[in-house]
Structure formats: structure tokens, C-alpha cells
$ cat model-v8.txt   # compact mmCIF, C-alpha atoms
# COMPACT_ATOMS: atom_id res chain seq x y z
CA MET A 1 -4.34 -17.77 40.37
CA THR A 2 -6.83 -16.21 37.97
CA LYS A 3 -10.45 -16.86 38.78
CA ARG A 4 -12.17 -19.14 36.24
CA TYR A 5 -15.63 -18.82 34.86
CA MET A 6 -17.92 -21.66 33.79
CA TYR A 7 -21.11 -20.87 31.94
CA SER A 8 -23.71 -22.74 29.95
CA ALA A 9 -23.15 -22.26 26.24
CA LEU A 10 -26.90 -22.39 25.75
CA ILE A 11 -27.30 -19.34 28.00
CA ILE A 12 -24.49 -17.11 26.80
CA ALA A 13 -23.56 -18.66 23.43
CA ALA A 14 -20.02 -19.20 24.65
CA ALA A 15 -17.36 -20.64 22.45
CA ALA A 16 -16.60 -24.28 22.14
CA VAL A 17 -13.71 -24.41 19.72
CA ALA A 18 -12.51 -26.84 17.07
CA ALA A 19 -9.16 -27.81 15.58
CA PHE A 20 -10.07 -26.66 12.10
CA GLY A 21 -13.28 -24.66 12.54
CA ILE A 22 -12.13 -21.08 13.10
CA ARG A 23 -13.37 -18.82 10.34
CA ALA A 24 -12.74 -15.12 9.90
CA LEU A 25 -15.73 -12.85 9.37
CA ARG A 26 -14.95 -9.83 7.28
CA GLY A 27 -16.62 -7.50 4.86
CA PRO A 28 -15.59 -6.34 1.38
CA ARG A 29 -13.73 -3.10 0.91
CA MET A 30 -11.58 -1.33 -1.69
CA LYS A 31 -7.82 -1.81 -1.41
CA THR A 32 -8.39 -5.28 -0.06
CA ALA A 33 -7.46 -8.65 -1.55
CA ASN A 34 -8.78 -11.99 -0.43
CA SER A 35 -7.31 -15.26 -1.64
CA GLY A 36 -10.33 -17.50 -1.30
CA TYR A 37 -9.51 -20.94 0.04
CA ARG A 38 -6.39 -22.66 -1.24
CA VAL A 39 -4.71 -25.87 -0.13
CA VAL A 40 -1.36 -25.48 1.62
CA MET A 41 0.35 -27.45 4.40
CA GLY A 42 -2.23 -30.18 3.96
CA THR A 43 -5.18 -27.97 4.84
CA PHE A 44 -7.21 -25.03 3.58
CA ALA A 45 -5.87 -21.50 3.95
CA ASN A 46 -7.49 -18.11 3.45
CA ILE A 47 -5.62 -14.81 3.43
CA THR A 48 -6.87 -11.23 3.42
CA ALA A 49 -4.54 -8.28 2.87
CA VAL A 50 -5.22 -4.57 3.30
CA ALA A 51 -2.89 -2.21 1.48
CA ALA A 52 -2.68 1.25 -0.05
CA ASP A 53 -3.90 -0.07 -3.40
CA SER A 54 -5.44 -3.24 -4.78
CA LYS A 55 -2.34 -4.30 -6.70
CA THR A 56 -0.22 -4.15 -3.54
CA ALA A 57 -2.86 -6.02 -1.58
CA ARG A 58 -2.85 -8.85 -4.14
CA ALA A 59 0.94 -8.96 -4.06
CA CYS A 60 0.83 -9.26 -0.26
CA VAL A 61 -1.48 -12.27 -0.50
CA GLU A 62 0.87 -14.00 -2.93
CA ALA A 63 3.90 -13.18 -0.76
CA ALA A 64 2.19 -14.82 2.19
CA PHE A 65 1.34 -17.98 0.24
CA SER A 66 4.88 -18.21 -1.07
CA ARG A 67 6.14 -18.15 2.50
CA LEU A 68 3.67 -20.82 3.61
CA GLU A 69 4.64 -23.04 0.70
CA ARG A 70 8.33 -22.68 1.48
CA VAL A 71 7.78 -23.74 5.08
CA ASP A 72 5.81 -26.75 3.89
CA GLU A 73 8.62 -27.77 1.54
CA VAL A 74 11.10 -27.74 4.41
CA MET A 75 9.00 -28.99 7.35
CA SER A 76 6.51 -31.48 5.91
CA ASP A 77 6.84 -35.02 7.22
CA TYR A 78 4.73 -36.23 4.29
CA LYS A 79 7.32 -35.15 1.70
CA ALA A 80 10.27 -37.50 1.46
CA ASP A 81 12.61 -34.79 0.18
CA SER A 82 11.89 -32.25 2.94
CA GLN A 83 14.61 -31.33 5.41
CA LEU A 84 12.44 -32.64 8.23
CA SER A 85 12.19 -36.05 6.53
CA GLN A 86 15.96 -36.09 6.07
CA ILE A 87 16.44 -35.37 9.77
CA ASN A 88 14.11 -38.19 10.73
CA ARG A 89 15.99 -40.62 8.44
CA ASP A 90 19.58 -39.67 9.13
CA ALA A 91 20.06 -37.46 12.23
CA PHE A 92 21.17 -40.36 14.42
CA LYS A 93 23.87 -41.30 11.92
CA GLU A 94 25.23 -37.81 11.41
CA PRO A 95 24.47 -34.11 12.07
CA ILE A 96 22.07 -32.76 9.44
CA PRO A 97 22.48 -29.14 8.26
CA VAL A 98 19.20 -27.27 7.99
CA ASP A 99 18.02 -23.86 6.84
CA ASP A 100 17.36 -20.87 9.10
CA ASP A 101 13.60 -21.41 9.39
CA LEU A 102 13.80 -25.02 10.48
CA PHE A 103 16.63 -24.44 12.93
CA LYS A 104 14.80 -21.50 14.48
CA VAL A 105 11.50 -23.36 14.90
CA LEU A 106 13.35 -26.25 16.54
CA GLU A 107 15.00 -23.83 18.98
CA ILE A 108 11.60 -22.37 19.79
CA ALA A 109 10.11 -25.85 20.14
CA VAL A 110 12.76 -26.82 22.68
CA GLU A 111 12.00 -23.65 24.64
CA TYR A 112 8.29 -24.55 24.79
CA SER A 113 9.18 -28.12 25.73
CA ARG A 114 11.09 -26.83 28.74
CA GLN A 115 8.44 -24.26 29.62
CA THR A 116 5.65 -26.86 29.56
CA GLY A 117 7.58 -29.60 31.33
CA GLY A 118 7.52 -31.73 28.20
CA ALA A 119 3.74 -31.50 27.64
CA PHE A 120 4.69 -30.05 24.27
CA ASP A 121 7.58 -32.09 22.85
CA VAL A 122 8.75 -31.90 19.27
CA THR A 123 10.34 -35.38 19.55
CA VAL A 124 6.96 -37.09 20.04
CA GLY A 125 7.16 -38.55 16.52
CA PRO A 126 7.60 -42.25 17.45
CA GLU A 127 4.43 -42.17 19.55
CA VAL A 128 2.51 -40.25 16.90
CA GLU A 129 3.43 -42.94 14.36
CA LEU A 130 2.03 -45.67 16.61
CA TRP A 131 -1.28 -43.85 17.04
CA ARG A 132 -1.53 -43.15 13.30
CA LYS A 133 -1.17 -46.88 12.78
CA ALA A 134 -3.82 -47.48 15.44
CA GLU A 135 -6.19 -45.19 13.57
CA GLU A 136 -5.66 -47.22 10.39
CA THR A 137 -5.93 -50.66 12.01
CA HIS A 138 -8.57 -49.76 14.64
CA ALA A 139 -6.43 -51.51 17.27
CA LEU A 140 -4.71 -49.99 20.30
CA PRO A 141 -0.91 -49.91 20.18
CA PRO A 142 0.63 -52.81 22.15
CA GLU A 143 2.12 -51.70 25.46
CA ALA A 144 5.55 -53.09 24.52
CA GLU A 145 5.58 -50.92 21.39
CA LEU A 146 4.45 -47.88 23.37
CA ALA A 147 7.24 -48.42 25.90
CA GLN A 148 9.77 -48.69 23.09
CA ALA A 149 8.45 -45.50 21.50
CA ARG A 150 8.57 -43.64 24.84
CA SER A 151 12.26 -44.49 25.16
CA LYS A 152 12.91 -42.53 21.97
CA VAL A 153 10.99 -39.42 23.05
CA GLY A 154 12.45 -36.48 24.97
CA PHE A 155 13.48 -33.02 23.83
CA GLU A 156 16.72 -33.36 25.82
CA LYS A 157 17.77 -36.04 23.30
CA LEU A 158 17.60 -33.51 20.45
CA ILE A 159 21.00 -31.88 19.81
CA LEU A 160 20.95 -28.48 18.10
CA GLU A 161 24.37 -27.10 17.15
CA ALA A 162 24.00 -23.35 16.60
CA ARG A 163 27.48 -22.79 15.17
CA SER A 164 27.08 -25.33 12.38
CA GLN A 165 23.25 -25.05 12.31
CA THR A 166 22.87 -28.81 12.41
CA VAL A 167 20.46 -31.24 14.03
CA ARG A 168 21.41 -34.56 15.59
CA PHE A 169 19.62 -37.33 17.52
CA GLU A 170 21.10 -38.98 20.60
CA VAL A 171 18.91 -42.08 20.25
CA ASP A 172 18.33 -44.26 17.21
CA GLY A 173 14.74 -44.24 16.02
CA MET A 174 13.90 -40.72 17.17
CA ARG A 175 11.51 -38.74 15.01
CA LEU A 176 10.52 -35.08 15.08
CA ASP A 177 6.87 -34.11 14.75
CA LEU A 178 6.19 -30.43 14.05
CA GLY A 179 2.42 -30.84 13.94
CA GLY A 180 2.00 -28.75 17.07
CA ILE A 181 4.05 -25.74 15.99
CA ALA A 182 4.90 -25.59 12.26
CA LYS A 183 1.55 -24.20 11.18
CA GLY A 184 1.69 -21.36 13.70
CA TYR A 185 5.31 -20.62 12.85
CA ALA A 186 4.48 -20.55 9.14
CA ILE A 187 1.64 -18.09 9.78
CA ASP A 188 4.00 -15.76 11.64
CA LEU A 189 6.50 -15.88 8.77
CA ALA A 190 3.68 -15.20 6.30
CA VAL A 191 2.61 -12.14 8.31
CA GLU A 192 6.17 -10.81 8.09
CA ALA A 193 6.18 -11.43 4.33
CA MET A 194 2.90 -9.51 3.93
CA GLN A 195 4.23 -6.57 5.90
CA ARG A 196 7.42 -6.46 3.85
CA ALA A 197 5.30 -6.47 0.69
CA GLY A 198 3.37 -3.40 1.86
CA ALA A 199 0.36 -4.67 3.83
CA ILE A 200 -0.94 -2.32 6.51
CA GLY A 201 -3.36 -4.94 7.77
CA GLY A 202 -4.20 -8.54 7.19
CA LEU A 203 -5.54 -11.84 8.41
CA ILE A 204 -4.14 -15.31 7.76
CA ASP A 205 -6.21 -18.42 8.44
CA VAL A 206 -4.44 -21.75 7.94
CA GLY A 207 -6.54 -24.74 8.88
CA GLY A 208 -8.35 -22.70 11.49
CA ASP A 209 -5.29 -21.15 13.13
CA VAL A 210 -5.51 -17.38 12.68
CA ARG A 211 -3.31 -14.34 13.09
CA CYS A 212 -4.34 -10.80 12.27
CA PHE A 213 -2.53 -7.49 12.28
CA GLY A 214 -3.25 -3.85 11.61
CA PRO A 215 -6.71 -2.52 10.72
CA PRO A 216 -9.33 -4.71 9.03
CA ALA A 217 -10.85 -3.90 5.69
CA ASP A 218 -13.66 -1.73 7.05
CA ASP A 219 -14.08 0.87 9.74
CA ARG A 220 -14.00 -1.56 12.65
CA GLU A 221 -11.07 -1.45 15.04
CA SER A 222 -10.76 -5.23 15.22
CA TRP A 223 -10.92 -8.28 13.00
CA LEU A 224 -13.77 -10.63 13.79
CA VAL A 225 -13.02 -14.33 14.16
CA GLY A 226 -15.73 -16.91 14.75
CA LEU A 227 -15.26 -19.96 16.96
CA GLN A 228 -17.08 -23.08 15.87
CA ASN A 229 -19.37 -25.25 17.94
CA PRO A 230 -17.61 -28.65 18.18
CA THR A 231 -20.90 -30.52 18.05
CA ALA A 232 -22.51 -28.56 15.19
CA ASP A 233 -20.39 -28.03 12.09
CA ASP A 234 -22.67 -25.34 10.70
CA ARG A 235 -22.75 -23.04 13.74
CA LEU A 236 -20.55 -20.55 15.49
CA LEU A 237 -20.96 -20.10 19.21
CA LEU A 238 -18.86 -17.00 19.72
CA VAL A 239 -17.20 -14.17 17.82
CA LEU A 240 -13.81 -12.84 18.91
CA LYS A 241 -12.57 -9.33 18.19
CA LEU A 242 -8.83 -9.42 17.60
CA ARG A 243 -6.13 -7.04 16.47
CA ASP A 244 -2.43 -7.87 16.38
CA MET A 245 -3.23 -11.21 17.99
CA ALA A 246 -3.44 -14.88 17.05
CA VAL A 247 -5.71 -17.75 18.01
CA ALA A 248 -5.03 -21.46 17.56
CA THR A 249 -7.05 -24.50 18.49
CA SER A 250 -6.21 -28.07 19.38
CA GLY A 251 -9.27 -30.28 19.33
CA SER A 252 -10.10 -33.97 19.27
CA TYR A 253 -13.70 -34.17 18.08
CA ARG A 254 -12.76 -33.88 14.42
CA ARG A 255 -9.34 -35.54 14.46
CA PHE A 256 -9.36 -38.78 16.39
CA ALA A 257 -8.91 -42.53 16.20
CA GLU A 258 -11.99 -44.64 16.92
CA ILE A 259 -11.19 -48.05 18.40
CA ASP A 260 -13.83 -50.43 19.78
CA GLY A 261 -16.36 -47.60 19.78
CA LYS A 262 -14.17 -45.20 21.78
CA LYS A 263 -12.63 -42.02 20.37
CA TYR A 264 -8.97 -41.26 21.06
CA SER A 265 -7.54 -37.78 20.54
CA HIS A 266 -4.88 -37.09 17.92
CA VAL A 267 -2.95 -35.14 20.60
CA ILE A 268 -0.39 -37.37 22.32
CA ASN A 269 0.90 -37.08 25.88
CA PRO A 270 4.66 -37.49 25.29
CA ALA A 271 5.46 -38.73 28.80
CA ALA A 272 2.83 -41.45 28.78
CA GLY A 273 2.49 -42.28 25.11
CA SER A 274 -1.27 -42.09 25.58
CA THR A 275 -3.78 -39.77 23.94
CA ALA A 276 -4.85 -36.53 25.63
CA ASP A 277 -8.58 -37.01 26.08
CA GLU A 278 -9.59 -34.79 29.02
CA LEU A 279 -10.37 -31.75 26.86
CA ILE A 280 -12.26 -31.97 23.60
CA SER A 281 -11.03 -28.53 22.54
CA VAL A 282 -8.45 -25.95 23.58
CA SER A 283 -8.12 -22.49 22.02
CA ILE A 284 -5.30 -20.14 22.91
CA VAL A 285 -5.21 -16.41 22.19
CA ALA A 286 -1.64 -15.07 22.10
CA ARG A 287 0.53 -12.47 20.39
CA THR A 288 1.97 -14.91 17.86
CA ALA A 289 0.55 -17.91 16.07
CA THR A 290 3.64 -19.92 17.06
CA ALA A 291 2.86 -19.39 20.75
CA ALA A 292 -0.84 -20.07 20.31
CA ASP A 293 -0.19 -23.27 18.35
CA ALA A 294 2.37 -24.77 20.75
CA LEU A 295 0.44 -23.80 23.88
CA ALA A 296 -2.83 -25.23 22.56
CA THR A 297 -1.10 -28.60 22.25
CA ALA A 298 0.53 -28.30 25.67
CA VAL A 299 -2.70 -27.40 27.46
CA SER A 300 -4.50 -30.29 25.75
CA VAL A 301 -1.92 -32.59 27.34
CA LEU A 302 -1.81 -30.88 30.73
CA GLY A 303 -5.57 -30.76 31.21
CA ARG A 304 -7.67 -28.03 32.75
CA GLY A 305 -5.89 -27.61 36.09
CA LYS A 306 -2.24 -27.52 35.13
CA GLY A 307 -3.09 -26.11 31.72
CA LEU A 308 -4.80 -23.04 33.14
CA GLU A 309 -1.99 -22.57 35.64
CA LEU A 310 0.43 -22.43 32.72
CA ILE A 311 -1.65 -19.91 30.78
CA ASP A 312 -2.16 -17.77 33.91
CA SER A 313 1.62 -17.51 34.22
CA LEU A 314 2.04 -16.03 30.72
CA ALA A 315 1.50 -12.41 29.73
CA GLU A 316 -0.99 -11.56 26.96
CA THR A 317 -2.12 -15.16 26.71
CA GLU A 318 -5.65 -16.47 27.31
CA ALA A 319 -7.44 -19.79 26.94
CA PHE A 320 -10.83 -21.33 26.15
CA LEU A 321 -11.24 -24.97 27.22
CA VAL A 322 -14.09 -27.39 26.53
CA PRO A 323 -14.01 -30.63 28.56
CA ALA A 324 -14.74 -33.92 26.83
CA GLY A 325 -18.25 -35.15 27.42
CA GLU A 326 -19.39 -31.74 28.67
CA THR A 327 -19.77 -29.76 25.47
CA ASP A 328 -22.20 -27.29 27.08
CA GLU A 329 -19.46 -26.14 29.44
CA LEU A 330 -16.87 -23.51 28.66
CA ILE A 331 -13.89 -22.89 30.92
CA HIS A 332 -11.75 -19.84 30.27
CA THR A 333 -9.25 -17.49 31.81
CA GLU A 334 -10.58 -14.20 33.10
CA GLY A 335 -8.75 -12.02 30.60
CA VAL A 336 -10.44 -13.66 27.64
CA ARG A 337 -13.50 -11.44 28.15
CA GLN A 338 -11.73 -8.53 26.45
CA TYR A 339 -11.70 -10.45 23.17
CA VAL A 340 -15.38 -11.45 23.06
CA ASP A 341 -17.57 -9.38 20.78
CA THR A 342 -21.01 -9.53 22.42
CA SER A 343 -22.53 -7.24 19.78
CA GLN A 344 -22.27 -9.83 17.03
CA PRO A 345 -25.10 -12.23 16.21
CA VAL A 346 -24.14 -15.88 16.21
CA PRO A 347 -24.16 -16.80 12.51
CA VAL A 348 -24.70 -20.06 10.71
CA TYR A 349 -22.05 -20.73 8.07
CA SER A 350 -20.77 -23.40 5.75
CA THR A 351 -17.60 -24.98 7.08
CA ALA A 352 -14.63 -24.44 4.77
CA SER A 353 -11.58 -25.03 6.99
CA LYS A 354 -10.89 -28.75 7.16
CA VAL A 355 -8.05 -31.14 6.51
CA ALA A 356 -7.46 -31.63 2.82
CA GLY A 357 -6.99 -35.11 1.43
CA ARG A 358 -3.37 -36.07 0.88
$ encode --input "model-v8.txt" --output "C-alpha cells"
Amino acid sequence: MTKRYMYSALIIAAAAVAAFGIRALRGPRMKTANSGYRVVMGTFANITAVAADSKTARACVEAAFSRLERVDEVMSDYKADSQLSQINRDAFKEPIPVDDDLFKVLEIAVEYSRQTGGAFDVTVGPEVELWRKAEETHALPPEAELAQARSKVGFEKLILEARSQTVRFEVDGMRLDLGGIAKGYAIDLAVEAMQRAGAIGGLIDVGGDVRCFGPPADDRESWLVGLQNPTADDRLLLVLKLRDMAVATSGSYRRFAEIDGKKYSHVINPAAGSTADELISVSIVARTATAADALATAVSVLGRGKGLELIDSLAETEAFLVPAGETDELIHTEGVRQYVDTSQPVPVYSTASKVAGR
């Protein structure tokens, strides 16, 4: 097993990470287009494209946003006419045909569910609904309702028919929740769209989940991505240097339900129906945003021990963990050192990535 390192953030300015606080640091350059912040998928997104000319770079940015918007149309559980909403309404009654993107992300989600022993489970929707209600009412879900919701959760109850490209539920009342994977998947599709449009480099930041590829807009070899201090919205604690990599964060200090003075994470343990409260923040560095997104959720549920064992077993995948109640402590896998840019000063910035009002 990989040796872990624990350091004081006050000594080494190590990174405590936040669900929506990752911000890319980049400088201006010709043949570069930057979108500024726009709202998509219920959060703020920022895209930078590097291309042979400015017109192409701008076209790459728009191609990426078009791809993100298409994913949101299909996979949003807030839009009644989305394919995901139709599945959640009708998939027990009959198989529901879906488009290529949705079917593919569900196949990938099932793979991660198996790989993580159900710590990541796309069928966690019934439990998520109960905890959303708890956040609104400031009352814990009754145990009887949690038990009923648990009976409807389990990726093995999700039937995907590849030949007809349809989705079906085995149990009445099941609901899919793509909150732990759709954003990362959409980022990966947006990267592909940028490359097809002519981008030779780029960075996509959607709600703090980031993927970059190719050269940045200056003479540096890597894109610089700041990780936010979870206890200080205006400060970064660490700068990562990334190229052809992604980083995604699952964190509870900004998204939580507060009940009787106690904070409960928005990340749900599918097997127990309870919230995952051991870690205040988990950041995963991986080759794709899909992998980083799903694994950040899984490790949040598994906790530091089993979570790090999982990450240690995966190639080109690293983790930063911050335990709840110990925000001066950083736990990380050994290989993460290669991504830390120790030459960068720790900047103060104005937070821009946050959940947009619906």
C-alpha cells in the first residue's frame, strides 16, 4: 500500500479542497479565448481554448458550451422533460429508450458502482430525495422512510439493454441520480468537442471540476489550478500543475444540511442511507473528469482507509483528503506530489465557482 503523508497546512500550505472552489489560474495570450463565467448545469462554468487563431479559439469555446448544454438537457433531474426525468417517472412501467450519451454514462456508472462496491451508486436517488427534504425541513429523515428508500437502491436493479438502448427499473420507486458523474462526463464530452473544433489546448472548469489538455496559453508546460481552503473562501492553499489531466472535488462544508446545529454532508452512503461525514473534502486527480468525479464521490463514502486503498489500486489516479473537524490536516497519496507546483505563491482571490440559484 502506498505510504501516506500528513502535514500541517499552516506549515506547507497544503491543499484542503472544496466542492465548488477550484479555480484555474492562467494568463492572457494571443490565439486564446476565454468564456468568462456562464451558468450551465446549475453552476458556473469557465472555458479557455487555445487554437491556431482567435476565431478558431472562440469557436472551440462555443462548441464546448453547446456540448455541456446538450448534456444538461438530457441528464438534468430538475427539468421535467429531460430523458433522465422520464426514466425516473416511467422506467418501472416500461423500458425507456435513451440517447447515446445517457446510455453510455449509465454503463460507466454501473462499472464504477461495481468497482467501488456500491460506494458510488447511480440509483441512490430515493435516499438523495429524503435528504433534500431534510435540508428543507431541518428534520432528520424517519428511519422507516430511510429503510424504504434503501430497498429501492442498488445498481444491480438497473437494467440496461444495449441492443435496444433502453433503461428499465426492477423495483417501483427507483430513481437515478447522476449528481456524482454527469458533470465530469459532460466535461469530457466538451473537451472532445473543443478538439474537433480545432483546439490544441484548453481548460474546462464546471462548478470547480476541471479538465485540461494540450499546452496552456503561455510558455508554461502545465495549466495551473488552484485548490481552495475549505474554511476561507477567499484563499487558495495549493496550486496544482496539470496537463492532460482532470481534478474533481466532493466536499461537504459548502453543500450540507444543518439539523439541530449539526451539519450533514450532501454525499449519501447508498448502503446505509446516511450522509458521508468522515471527510470534509475529497479531491481526485485522474485522466478523465468522469473518473475524477465518480471516484471523489466514492472515496467520500468509503472514508480515508478504504478510500485510499481504492485510489492506490488505480493507475494515474491520486487523492487529496481533508478529514472533518481537522481542517489543518491533509492526507494524500504519494504520487500527488508530482502535481504540486511549489514555485507558485498562494494567492487570494474572489470566489466565482459556486452553485447558481435554480
$ atom_distance --input "model-v8.txt" --atom1 "atom CA of Val167 of chain A" --atom2 "atom CA of Val128 of chain A"
20.3 Å
$ closest_residue --input "model-v8.txt" --among "A:Ile331, A:Ile159, A:Leu203, A:Val299" --to "Pro215 of chain A" --atoms "only C-alpha atoms"
A:Leu203
$ closest_residue --input "model-v8.txt" --among "A:Arg304, A:Gly273, A:Asp209, A:Ala45" --to "Ala286 of chain A" --atoms "all atoms listed in the file"
A:Asp209
$ residues_around --input "model-v8.txt" --residues "Ser54 of chain A" --least-positions-apart "2" --cutoff "9 Å" --atoms "all atoms listed in the file" --output "PyMOL selection string"
chain A and resi 30-33+50-52+56-59
$ closest_residue --input "model-v8.txt" --among "A:Asp234, A:Ala319, A:Gly36, A:Arg243" --to "Glu221 of chain A" --atoms "only C-alpha atoms"
A:Arg243
$ residues_around --input "model-v8.txt" --residues "Leu158 of chain A" --least-positions-apart "6" --cutoff "10 Å" --atoms "all atoms listed in the file" --output "number ranges by chain"
A: 91-92, 106, 110, 122-123, 167-171, 174-176
$ atom_distance --input "model-v8.txt" --atom1 "atom CA of Gly180 of chain A" --atom2 "atom CA of Gly207 of chain A"
12.5 Å
$ atom_distance --input "model-v8.txt" --atom1 "atom CA of Asp312 of chain A" --atom2 "atom CA of Thr333 of chain A"
7.4 Å
$ residues_around --input "model-v8.txt" --residues "Glu129 of chain A" --least-positions-apart "2" --cutoff "12 Å" --atoms "all atoms listed in the file" --output "VMD selection string"
chain A and resid 77 123 to 127 131 to 136 141 145 to 146 149 to 150 173 to 177 266 to 268 273
$ closest_residue --input "model-v8.txt" --among "A:Val340, A:Leu84, A:Leu160, A:Ala291" --to "Ala315 of chain A" --atoms "only C-alpha atoms"
A:Ala291
$ closest_residue --input "model-v8.txt" --among "A:Ser300, A:Asp293, A:Val71, A:Pro95" --to "Ser265 of chain A" --atoms "all atoms listed in the file"
A:Ser300
$ closest_residue --input "model-v8.txt" --among "A:Leu102, A:Ala298, A:Ala186, A:Leu224" --to "Ser85 of chain A" --atoms "all atoms listed in the file"
A:Leu102
$ residues_around --input "model-v8.txt" --residues "Gly303 of chain A" --least-positions-apart "2" --cutoff "9 Å" --atoms "all atoms listed in the file" --output "list in words"
Ala276, Asp277, Glu278, Leu279, Ala298, Val299, Ser300, Val301, Gly305, Lys306, Gly307, Leu308 and Pro323 of chain A
